[in-house]
Amino acid sequence: MLLVGVILLIIGFVTGISVLWTIGLILAVIGAVLWILGAMGHAVGGRRHYW
């Protein structure tokens, strides 16, 4: 999710499409939060690790 968010951020920035920029930002933030929670050892969505 983090990688898809970053890709959408780049595409939205290059093409100037603000919707892609917004969706990419939201996905990147959610992906980063899930990654941090998984790295801390918390179960995310019933899984012990999230990556």
# chains A, B, ... in the order shown; residues from 1 in each chain; ligands from 1
>>> select_by_dssp(residues="chain A", states="alpha helix (DSSP H)", output="VMD selection string")
chain A and resid 2 to 15 18 to 39
>>> residues_around(residues="Leu27 (chain A)", least_positions_apart="5", cutoff="8 Å", atoms="only C-alpha atoms", output="list in words")
Met1, Leu2, Val4 and Gly5 of chain A
>>> write_last_selection(atoms="N, CA, C and O atoms", output="PDB file, in the first residue's frame")
ATOM      1  N   MET A   1       0.827  -1.182   0.000  1.00  0.00           N
ATOM      2  CA  MET A   1       0.000   0.000   0.000  1.00  0.00           C
ATOM      3  C   MET A   1       0.872   1.246   0.000  1.00  0.00           C
ATOM      4  O   MET A   1       0.550   2.229  -0.660  1.00  0.00           O
ATOM      5  N   LEU A   2       1.948   1.172   0.713  1.00  0.00           N
ATOM      6  CA  LEU A   2       2.868   2.298   0.773  1.00  0.00           C
ATOM      7  C   LEU A   2       3.488   2.560  -0.597  1.00  0.00           C
ATOM      8  O   LEU A   2       3.563   3.704  -1.045  1.00  0.00           O
ATOM      9  N   VAL A   4       2.265   1.714  -3.587  1.00  0.00           N
ATOM     10  CA  VAL A   4       1.236   2.218  -4.501  1.00  0.00           C
ATOM     11  C   VAL A   4       0.970   3.700  -4.234  1.00  0.00           C
ATOM     12  O   VAL A   4       0.814   4.489  -5.168  1.00  0.00           O
ATOM     13  N   GLY A   5       0.956   4.082  -2.980  1.00  0.00           N
ATOM     14  CA  GLY A   5       0.758   5.489  -2.633  1.00  0.00           C
ATOM     15  C   GLY A   5       1.867   6.376  -3.157  1.00  0.00           C
ATOM     16  O   GLY A   5       1.611   7.458  -3.692  1.00  0.00           O
TER      17      GLY A   5
END
>>> atom_distance(atom1="CA of Val29 (chain A)", atom2="CA of Ile10 (chain A)")
14.6 Å
>>> residues_around(residues="Phe13 (chain A)", least_positions_apart="6", cutoff="12 Å", atoms="only C-alpha atoms", output="list in words")
Val6, Ile7, Val19, Leu20, Trp21, Thr22, Ile23, Gly24 and Leu25 of chain A
